[in-house]
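K.L.:
Structure file run.tsv, TSV, C-alpha atoms and all ligand atoms, is pasted below:
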chain	number	residue	atom	x	y	z
A	1	MET	CA	-18.84	-1.10	13.76
A	2	VAL	CA	-17.32	2.31	12.97
A	3	ARG	CA	-17.71	3.08	9.31
A	4	PRO	CA	-14.39	3.50	7.59
A	5	TYR	CA	-13.53	7.02	6.50
A	6	THR	CA	-14.02	7.27	2.75
A	7	ARG	CA	-13.00	9.73	0.07
A	8	ILE	CA	-14.90	9.35	-3.14
A	9	TYR	CA	-13.66	10.65	-6.49
A	10	ALA	CA	-15.43	10.84	-9.83
A	11	THR	CA	-12.83	8.74	-11.67
A	12	PRO	CA	-9.69	6.70	-10.95
A	13	GLU	CA	-7.65	9.53	-12.52
A	14	LYS	CA	-9.13	12.10	-10.12
A	15	LEU	CA	-8.41	9.74	-7.25
A	16	ALA	CA	-4.78	9.47	-8.34
A	17	GLN	CA	-4.53	13.28	-8.62
A	18	GLY	CA	-5.98	13.72	-5.12
A	19	LEU	CA	-3.53	11.23	-3.63
A	20	ALA	CA	-0.58	12.74	-5.49
A	21	LYS	CA	-1.41	16.12	-3.90
A	22	ASP	CA	-1.58	14.48	-0.49
A	23	PHE	CA	1.73	12.79	-1.15
A	24	ALA	CA	3.34	16.14	-1.93
A	25	SER	CA	1.96	17.70	1.24
A	26	GLU	CA	3.07	14.79	3.44
A	27	VAL	CA	6.59	15.20	2.07
A	28	LYS	CA	6.44	18.95	2.67
A	29	SER	CA	5.43	18.50	6.32
A	30	ALA	CA	8.16	15.91	6.83
A	31	GLU	CA	10.68	18.31	5.31
A	32	ALA	CA	9.52	21.09	7.65
A	33	SER	CA	10.10	18.85	10.65
A	34	ASN	CA	13.38	17.42	9.35
A	35	LYS	CA	12.05	13.90	9.06
A	36	VAL	CA	12.31	11.16	6.51
A	37	LEU	CA	9.14	9.45	5.30
A	38	ASN	CA	8.90	5.67	5.15
A	39	ILE	CA	6.23	4.73	2.66
A	40	ALA	CA	5.13	1.26	1.57
A	41	LEU	CA	3.67	1.02	-1.92
A	42	SER	CA	1.25	-1.41	-3.41
A	43	GLY	CA	0.91	-3.18	-6.73
A	44	GLY	CA	-2.24	-2.92	-8.79
A	45	SER	CA	-3.91	-0.77	-11.38
A	46	THR	CA	-4.82	2.26	-9.26
A	47	PRO	CA	-1.35	2.75	-7.79
A	48	LYS	CA	-0.05	2.73	-11.36
A	49	LEU	CA	-2.16	5.84	-12.01
A	50	LEU	CA	-0.80	7.43	-8.84
A	51	PHE	CA	2.78	6.69	-9.92
A	52	LYS	CA	2.10	8.27	-13.31
A	53	GLN	CA	0.85	11.41	-11.56
A	54	LEU	CA	3.85	11.56	-9.24
A	55	ALA	CA	6.17	11.10	-12.20
A	56	SER	CA	4.77	14.13	-13.99
A	57	SER	CA	4.71	17.85	-13.42
A	58	PRO	CA	4.48	19.42	-10.86
A	59	PHE	CA	5.12	16.48	-8.50
A	60	ARG	CA	8.20	15.07	-10.18
A	61	ASP	CA	10.17	18.24	-9.48
A	62	LYS	CA	8.28	19.59	-6.47
A	63	VAL	CA	8.55	16.55	-4.20
A	64	LYS	CA	11.77	16.35	-2.19
A	65	TRP	CA	12.43	12.74	-3.11
A	66	ASP	CA	15.62	12.42	-1.08
A	67	ILE	CA	13.65	12.35	2.19
A	68	VAL	CA	11.30	9.65	0.87
A	69	HIS	CA	12.10	5.99	1.49
A	70	LEU	CA	10.05	3.55	-0.54
A	71	TYR	CA	9.17	-0.03	0.37
A	72	TRP	CA	6.61	-2.51	-0.93
A	73	GLY	CA	3.69	-4.05	0.92
A	74	ASP	CA	3.94	-7.16	-1.20
A	75	GLU	CA	5.77	-8.69	-4.13
A	76	ARG	CA	5.53	-11.68	-6.40
A	77	PHE	CA	8.48	-14.06	-6.70
A	78	VAL	CA	9.44	-13.01	-10.20
A	79	PRO	CA	12.39	-10.96	-11.42
A	80	PRO	CA	11.98	-7.16	-11.83
A	81	GLU	CA	11.65	-7.48	-15.62
A	82	ASP	CA	8.58	-9.71	-15.30
A	83	PRO	CA	5.27	-7.91	-15.97
A	84	ASP	CA	4.03	-9.33	-12.64
A	85	SER	CA	6.71	-7.56	-10.61
A	86	ASN	CA	5.33	-4.78	-8.41
A	87	TYR	CA	8.80	-3.26	-8.18
A	88	GLY	CA	9.18	-3.49	-11.96
A	89	MET	CA	5.91	-1.62	-12.45
A	90	THR	CA	6.94	1.10	-10.00
A	91	ARG	CA	10.36	1.37	-11.62
A	92	GLN	CA	8.85	1.86	-15.03
A	93	PHE	CA	6.15	4.35	-14.10
A	94	LEU	CA	7.80	6.24	-11.24
A	95	LEU	CA	11.39	5.52	-10.28
A	96	GLU	CA	12.88	5.98	-13.75
A	97	GLN	CA	11.17	9.36	-14.02
A	98	ILE	CA	12.25	10.95	-10.73
A	99	GLU	CA	15.49	11.76	-8.93
A	100	ILE	CA	15.47	9.49	-5.90
A	101	PRO	CA	18.64	8.17	-4.27
A	102	GLU	CA	19.12	4.47	-4.93
A	103	GLU	CA	19.54	3.76	-1.21
A	104	ASN	CA	16.03	5.10	-0.57
A	105	VAL	CA	14.46	2.37	-2.69
A	106	HIS	CA	13.98	-0.75	-0.57
A	107	ARG	CA	12.81	-3.33	-3.02
A	108	ILE	CA	11.80	-6.91	-2.36
A	109	ARG	CA	14.04	-9.22	-4.38
A	110	GLY	CA	11.53	-11.26	-6.29
A	111	GLU	CA	14.36	-13.28	-7.84
A	112	ALA	CA	15.62	-14.53	-4.44
A	113	LYS	CA	14.60	-17.58	-2.40
A	114	PRO	CA	11.23	-16.82	-0.75
A	115	GLU	CA	11.94	-17.74	2.90
A	116	GLU	CA	15.40	-16.16	2.85
A	117	GLU	CA	14.06	-13.04	1.23
A	118	ALA	CA	11.25	-12.72	3.78
A	119	ASP	CA	13.88	-12.74	6.54
A	120	ARG	CA	16.25	-10.42	4.73
A	121	TYR	CA	13.52	-7.89	3.90
A	122	SER	CA	12.21	-8.00	7.49
A	123	GLN	CA	15.71	-7.13	8.74
A	124	GLU	CA	16.08	-4.35	6.20
A	125	ILE	CA	12.77	-2.82	7.29
A	126	LEU	CA	13.57	-3.16	10.99
A	127	LYS	CA	16.87	-1.40	10.43
A	128	SER	CA	15.64	1.35	8.19
A	129	VAL	CA	12.24	2.16	9.70
A	130	GLN	CA	13.40	3.57	13.02
A	131	GLU	CA	10.08	4.14	14.72
A	132	LYS	CA	8.52	1.08	16.35
A	133	LEU	CA	5.15	0.30	17.89
A	134	GLU	CA	5.23	-2.70	20.21
A	135	LYS	CA	8.44	-3.80	18.48
A	136	MET	CA	6.90	-3.61	15.02
A	137	PRO	CA	8.22	-1.11	12.48
A	138	ARG	CA	5.94	1.86	12.13
A	139	PHE	CA	5.58	3.06	8.54
A	140	ASP	CA	4.50	6.64	7.99
A	141	TRP	CA	2.19	5.67	5.20
A	142	ILE	CA	1.08	2.40	3.61
A	143	PHE	CA	-0.79	2.26	0.31
A	144	LEU	CA	-2.97	-0.77	-0.19
A	145	GLY	CA	-5.24	-2.12	-2.89
A	146	MET	CA	-8.05	-4.61	-2.48
A	147	GLY	CA	-8.68	-7.60	-4.74
A	148	ASP	CA	-12.08	-8.89	-5.86
A	149	ASP	CA	-11.92	-11.49	-3.07
A	150	GLY	CA	-11.21	-8.90	-0.35
A	151	HIS	CA	-7.46	-9.62	-0.18
A	152	THR	CA	-5.03	-6.85	0.49
A	153	ALA	CA	-1.24	-6.80	0.03
A	154	SER	CA	-0.76	-10.60	-0.39
A	155	LEU	CA	-2.99	-11.47	2.56
A	156	PHE	CA	-5.65	-13.72	1.07
A	157	PRO	CA	-8.91	-14.79	2.75
A	158	GLY	CA	-8.45	-17.79	5.05
A	159	SER	CA	-4.68	-17.98	4.46
A	160	ASP	CA	-2.03	-18.88	7.05
A	161	ALA	CA	-0.28	-15.55	6.46
A	162	LEU	CA	-3.18	-13.83	8.23
A	163	GLY	CA	-2.25	-15.56	11.47
A	164	VAL	CA	1.40	-14.46	11.48
A	165	LYS	CA	1.80	-12.18	14.48
A	166	ASP	CA	5.51	-12.15	15.26
A	167	LYS	CA	7.12	-11.37	11.92
A	168	VAL	CA	7.45	-8.30	9.76
A	169	CYS	CA	7.11	-10.19	6.47
A	170	THR	CA	6.03	-13.66	5.53
A	171	VAL	CA	5.77	-15.85	2.47
A	172	ALA	CA	2.25	-16.14	1.05
A	173	PHE	CA	0.60	-18.04	-1.78
A	174	HIS	CA	-1.94	-16.89	-4.32
A	175	PRO	CA	-4.95	-19.17	-3.64
A	176	THR	CA	-5.66	-20.12	-7.25
A	177	SER	CA	-2.39	-19.83	-9.14
A	178	GLY	CA	-0.26	-20.93	-6.16
A	179	GLN	CA	2.20	-18.14	-7.07
A	180	LYS	CA	4.57	-17.41	-4.19
A	181	ARG	CA	4.48	-13.95	-2.77
A	182	ILE	CA	5.99	-12.02	0.09
A	183	THR	CA	3.78	-9.76	2.17
A	184	LEU	CA	3.90	-7.44	5.12
A	185	THR	CA	2.01	-9.01	8.01
A	186	LEU	CA	-1.13	-7.58	9.60
A	187	PRO	CA	0.62	-6.42	12.80
A	188	VAL	CA	3.03	-4.32	10.73
A	189	ILE	CA	0.28	-2.90	8.55
A	190	ASN	CA	-1.77	-2.08	11.64
A	191	SER	CA	1.17	-0.25	13.23
A	192	ALA	CA	1.32	2.39	10.50
A	193	HIS	CA	0.56	6.05	11.00
A	194	ARG	CA	-1.56	6.32	7.89
A	195	ILE	CA	-3.09	3.74	5.57
A	196	SER	CA	-4.78	4.53	2.28
A	197	PHE	CA	-6.75	1.95	0.36
A	198	LEU	CA	-6.95	2.74	-3.35
A	199	VAL	CA	-9.97	0.93	-4.72
A	200	THR	CA	-11.62	1.47	-8.08
A	201	SER	CA	-14.13	-0.25	-10.39
A	202	GLU	CA	-17.67	-1.47	-10.05
A	203	LYS	CA	-16.64	-5.09	-9.52
A	204	LYS	CA	-15.30	-4.14	-6.06
A	205	SER	CA	-18.45	-2.26	-5.02
A	206	GLY	CA	-20.10	-5.28	-3.35
A	207	ILE	CA	-17.14	-5.92	-1.04
A	208	VAL	CA	-16.74	-2.20	-0.35
A	209	LYS	CA	-20.40	-2.07	0.68
A	210	ASN	CA	-20.05	-5.13	2.94
A	211	ILE	CA	-17.05	-3.65	4.71
A	212	TYR	CA	-18.51	-0.16	4.96
A	213	GLU	CA	-21.86	-1.33	6.27
A	214	GLY	CA	-20.59	-4.30	8.29
A	215	LEU	CA	-22.57	-6.91	6.32
A	216	ASN	CA	-22.17	-10.56	5.28
A	217	ASP	CA	-19.18	-11.83	7.27
A	218	TYR	CA	-17.24	-8.75	6.25
A	219	GLN	CA	-14.70	-9.52	9.03
A	220	ASP	CA	-13.40	-12.42	6.92
A	221	TYR	CA	-12.03	-10.09	4.27
A	222	PRO	CA	-8.35	-9.40	4.97
A	223	ALA	CA	-8.96	-5.77	3.92
A	224	ALA	CA	-11.44	-5.43	6.80
A	225	MET	CA	-8.75	-6.58	9.24
A	226	VAL	CA	-6.81	-3.42	8.54
A	227	ASN	CA	-7.54	-1.24	11.55
A	228	PRO	CA	-4.45	0.62	12.69
A	229	GLN	CA	-4.01	0.66	16.47
A	230	LYS	CA	-2.87	4.24	16.62
A	231	GLY	CA	-3.03	5.46	13.06
A	232	SER	CA	-5.68	6.33	10.53
A	233	VAL	CA	-7.18	4.43	7.63
A	234	GLU	CA	-8.96	5.95	4.67
A	235	TRP	CA	-10.72	4.29	1.79
A	236	CYS	CA	-10.14	6.20	-1.45
A	237	LEU	CA	-12.78	5.08	-3.93
A	238	ASP	CA	-13.93	6.07	-7.36
A	239	ASN	CA	-17.65	6.52	-7.98
A	240	ALA	CA	-17.92	3.01	-9.42
A	241	ALA	CA	-16.41	1.31	-6.35
A	242	ALA	CA	-18.61	3.47	-4.10
A	243	SER	CA	-21.76	2.81	-6.13
A	244	GLY	CA	-23.23	0.38	-3.56
A	245	LEU	CA	-22.99	2.81	-0.66
A	246	VAL	CA	-26.33	4.32	0.18
A	247	ASP	CA	-25.38	6.36	3.18
A	248	LYS	CA	-22.11	8.17	2.57
A	249	ILE	CA	-22.00	10.16	5.77
A	250	ASN	CA	-18.26	9.95	6.11
A	251	SER	CA	-17.56	10.79	2.52
A	252	HIS	CA	-16.35	13.73	0.59
A	253	SER	CA	-15.21	14.10	-2.97
A	301	LIG	C1	-0.68	-7.23	-5.58
A	301	LIG	C2	-1.34	-6.26	-4.69
A	301	LIG	C3	-2.77	-6.51	-4.42
A	301	LIG	C4	-3.55	-5.49	-5.22
A	301	LIG	C5	-4.99	-5.86	-5.35
A	301	LIG	C6	-5.78	-4.85	-6.17
A	301	LIG	O1	-1.34	-8.17	-6.03
A	301	LIG	O2	0.48	-7.06	-5.83
A	301	LIG	O3	-0.61	-5.50	-3.88
A	301	LIG	O4	-3.13	-6.52	-3.08
A	301	LIG	O5	-3.41	-4.24	-4.63
A	301	LIG	O6	-5.08	-7.12	-5.94
A	301	LIG	O7	-5.27	-4.76	-7.44
A	301	LIG	P1	-5.99	-3.90	-8.57
A	301	LIG	O8	-5.93	-2.47	-8.10
A	301	LIG	O9	-5.18	-4.12	-9.81
A	301	LIG	O10	-7.37	-4.42	-8.67
Write out the structure in this file as structure tokens.

P.N.:
Amino acid sequence: MVRPYTRIYATPEKLAQGLAKDFASEVKSAEASNKVLNIALSGGSTPKLLFKQLASSPFRDKVKWDIVHLYWGDERFVPPEDPDSNYGMTRQFLLEQIEIPEENVHRIRGEAKPEEEADRYSQEILKSVQEKLEKMPRFDWIFLGMGDDGHTASLFPGSDALGVKDKVCTVAFHPTSGQKRITLTLPVINSAHRISFLVTSEKKSGIVKNIYEGLNDYQDYPAAMVNPQKGSVEWCLDNAAASGLVDKINSHS
């Protein structure tokens, strides 16, 4: 088991600042090579902090937003105004604060019919994300969170969605509430160039430790199934989430 590469920050705010700087430099490199960047965002509390950073100075004005295309790794089937909407959260904390062309924002329509929307969004991604890896769209960067049960995007432990190999997106269900979701599938996630997990809080430290040290059936956590074929994965943790790690050989702050 190769230990995942980790970056450990003192606080969630510092983590968000570090990632916002990285975001700005990724956009700068893409600009220098005349490329667009296809980035899939995540829901959750830590991304919200990242969005707040990106929506404030210097990033708001420094980032060349017109070469950035935004997508979502997962969404709940609720309208954008609902507090549960990942797009709604991003709109409030990021999109309304920056100048990004409307056509660069590829949202999942949480108000649509789940199966139809999974197909429609898959087609939109296939069309817009030009680079492919074994026929799967290859995102430049995917941000992911991890839930207390080890889920990531809307891929929950033991769920059918984990077995979907031939689709870009699929419909998923929250295991306890039954809420319908849409999620990118594992093959698409694992085709990305770069994947960053944003994980904070002490309550996640046990799962982080299991995955990092390869303990206790860690392979059953969907987050541990994220191993890009040709890309890189990094685990961005705050001190609390990293508190169970004894040997932090791959870490830096
Ligand atoms: C969603 C997510 C999900 C999330 C984790 C972590 O539910 O929409 O994309 O995978 O990232 O549940 O969320 P927190 O950072 O809020 O703990």

K.L.:
Would you write out, as a tab-separated table, a table of all residues in chain A that have an atom no more than 7 Å from an atom of ligand LIG 301 (chain A), listing for each the closest atom pair and the distance in Å to one decimal, considering only C-alpha atoms and all ligand atoms and ordering rows by chain and rising residue number?

P.N.:
residue	atom	partner	partner_atom	distance
A:Ser42	CA	A:LIG301	O3	4.5
A:Gly43	CA	A:LIG301	O3	4.0
A:Gly44	CA	A:LIG301	O9	3.3
A:Ser45	CA	A:LIG301	O9	3.9
A:Thr46	CA	A:LIG301	O8	5.0
A:Pro47	CA	A:LIG301	O8	7.0
A:Gly73	CA	A:LIG301	O3	6.6
A:Asp74	CA	A:LIG301	O3	5.5
A:Glu75	CA	A:LIG301	O2	5.8
A:Arg76	CA	A:LIG301	O2	6.9
A:Asn86	CA	A:LIG301	O2	5.9
A:Leu144	CA	A:LIG301	O5	5.7
A:Gly145	CA	A:LIG301	O5	3.3
A:Met146	CA	A:LIG301	C6	4.3
A:Gly147	CA	A:LIG301	O6	3.8
A:His151	CA	A:LIG301	O4	6.1
A:Thr152	CA	A:LIG301	O4	4.1
A:Ala153	CA	A:LIG301	O4	3.7
A:Ser154	CA	A:LIG301	O4	5.4
A:Val199	CA	A:LIG301	O8	6.3
A:Thr200	CA	A:LIG301	O8	6.9

K.L.:
Can you list, as a PyMOL selection string, every protein, DNA or RNA residue that comes within 9 Å of segment 64-67 of chain A when you count all atoms listed in the file, leaving out same-chain residues fewer than 6 positions away?

P.N.:
chain A and resi 24+27-28+30-31+34-38+98-101+104

K.L.:
Could you write out the selected residues, including C-alpha atoms, as a CSV table (one decimal), in the coordinates of the input?

P.N.:
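Dumped everything to out21.csv:
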chain,number,residue,atom,x,y,z
A,24,ALA,CA,3.3,16.1,-1.9
A,27,VAL,CA,6.6,15.2,2.1
A,28,LYS,CA,6.4,19.0,2.7
A,30,ALA,CA,8.2,15.9,6.8
A,31,GLU,CA,10.7,18.3,5.3
A,34,ASN,CA,13.4,17.4,9.4
A,35,LYS,CA,12.0,13.9,9.1
A,36,VAL,CA,12.3,11.2,6.5
A,37,LEU,CA,9.1,9.4,5.3
A,38,ASN,CA,8.9,5.7,5.2
A,98,ILE,CA,12.2,11.0,-10.7
A,99,GLU,CA,15.5,11.8,-8.9
A,100,ILE,CA,15.5,9.5,-5.9
A,101,PRO,CA,18.6,8.2,-4.3
A,104,ASN,CA,16.0,5.1,-0.6

K.L.:
Between A:Glu26, A:Glu213, A:Asp149, A:Asp238, which is the closest to Tyr9 of chain A once you count all atoms listed in the file?

P.N.:
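Answer, going by the shortest atom-to-atom distance: A:Asp238.
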
K.L.:
Tell me which of A:Pro58, A:Pro222, A:Gly110, A:Pro12 sits closest to Leu155 of chain A, counting only C-alpha atoms.

P.N.:
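That would be A:Pro222, the residue with the smallest distance to Leu155 of chain A.
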
K.L.:
Using all atoms listed in the file, pick whichever of A:Val63, A:Leu94, A:Val208, A:Val164 has the shortest atom-to-atom distance to Ala240 of chain A.

P.N.:
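So, comparing all the options, the nearest one is A:Val208.
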
K.L.:
Let me make sure I understand: among A:Ala172, A:Ala223, A:Ile207, A:Ala40, which one has the smallest atom-to-atom distance to Asp148 of chain A if we use all atoms listed in the file?

P.N.:
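Nearest candidate to Asp148 of chain A out of A:Ala172, A:Ala223, A:Ile207, A:Ala40: A:Ile207.
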
K.L.:
Tell me, in Å to one decimal, how far atom CA of Arg138 of chain A is from atom CA of Met89 of chain A.

P.N.:
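Separating atom CA of Arg138 of chain A from atom CA of Met89 of chain A is a distance of 24.8 Å.
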
K.L.:
What is the distance, in Å and to one decimal place, between atom CA of Glu115 of chain A and atom CA of Phe173 of chain A?

P.N.:
12.3 Å

K.L.:
Pick from A:Ser196, A:Asp217, A:Cys236, A:Val78: nearest to Phe143 of chain A, with only C-alpha atoms counted?

P.N.:
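Nearest to Phe143 of chain A: A:Ser196.
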
K.L.:
For segment 31-42 of chain A, take all atoms listed in the file, fit an axis-aligned box around them, add 8 Å to each of the six sides, then output centre and edge lengths in Å rounded to one decimal, as lines of an AutoDock Vina configuration file.

P.N.:
center_x = 7.3
center_y = 9.8
center_z = 3.6
size_x = 28.1
size_y = 38.5
size_z = 30.1

K.L.:
Could you tell me how far atom CA of Glu103 of chain A lies from atom CA of Gly88 of chain A, in Å and to one decimal?

P.N.:
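Computing the Euclidean distance for atom CA of Glu103 of chain A and atom CA of Gly88 of chain A yields 16.6 Å.
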
K.L.:
Please return as a PyMOL selection string every residue within 9 Å of (-5.4, -4.3, 11.4), taking into account all atoms listed in the file and the file's own coordinates.

P.N.:
chain A and resi 186-191+222-229

K.L.:
Using all atoms listed in the file, pick whichever of A:Lys203, A:Ser122, A:Leu245, A:Arg91 has the shortest atom-to-atom distance to Thr183 of chain A.

P.N.:
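The closest residue to Thr183 of chain A is A:Ser122.
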
K.L.:
Taking 6 positions as the minimum chain separation for residues in the same chain, which residues sit within 8 Å of Val105 of chain A when counting only C-alpha atoms? Answer as a PyMOL selection string.

P.N.:
chain A and resi 69-71

K.L.:
Which residues come within 9 Å of Phe51 of chain A, counting all atoms listed in the file, excluding same-chain residues fewer than 5 positions away, as a PDB file with C-alpha atoms, in the coordinates of the input?

P.N.:
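And here is the file that came out, around.pdb:
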ATOM      1  CA  ALA A  16      -4.780   9.470  -8.340  1.00  0.00           C
ATOM      2  CA  ALA A  20      -0.580  12.740  -5.490  1.00  0.00           C
ATOM      3  CA  THR A  46      -4.820   2.260  -9.260  1.00  0.00           C
ATOM      4  CA  SER A  56       4.770  14.130 -13.990  1.00  0.00           C
ATOM      5  CA  THR A  90       6.940   1.100 -10.000  1.00  0.00           C
ATOM      6  CA  PHE A  93       6.150   4.350 -14.100  1.00  0.00           C
ATOM      7  CA  LEU A  94       7.800   6.240 -11.240  1.00  0.00           C
ATOM      8  CA  LEU A  95      11.390   5.520 -10.280  1.00  0.00           C
TER       9      LEU A  95
END

K.L.:
Excluding Gln92 of chain A and any residue of its chain fewer than 6 positions from it, enumerate the residues within 12 Å of it, using only C-alpha atoms, and give them as a list of chain:residue names.

P.N.:
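Answer for this query is A:Lys48, A:Phe51, A:Lys52, A:Ala55, A:Pro80, A:Glu81, A:Asp82, A:Pro83, A:Ser85, A:Asn86, A:Ile98.
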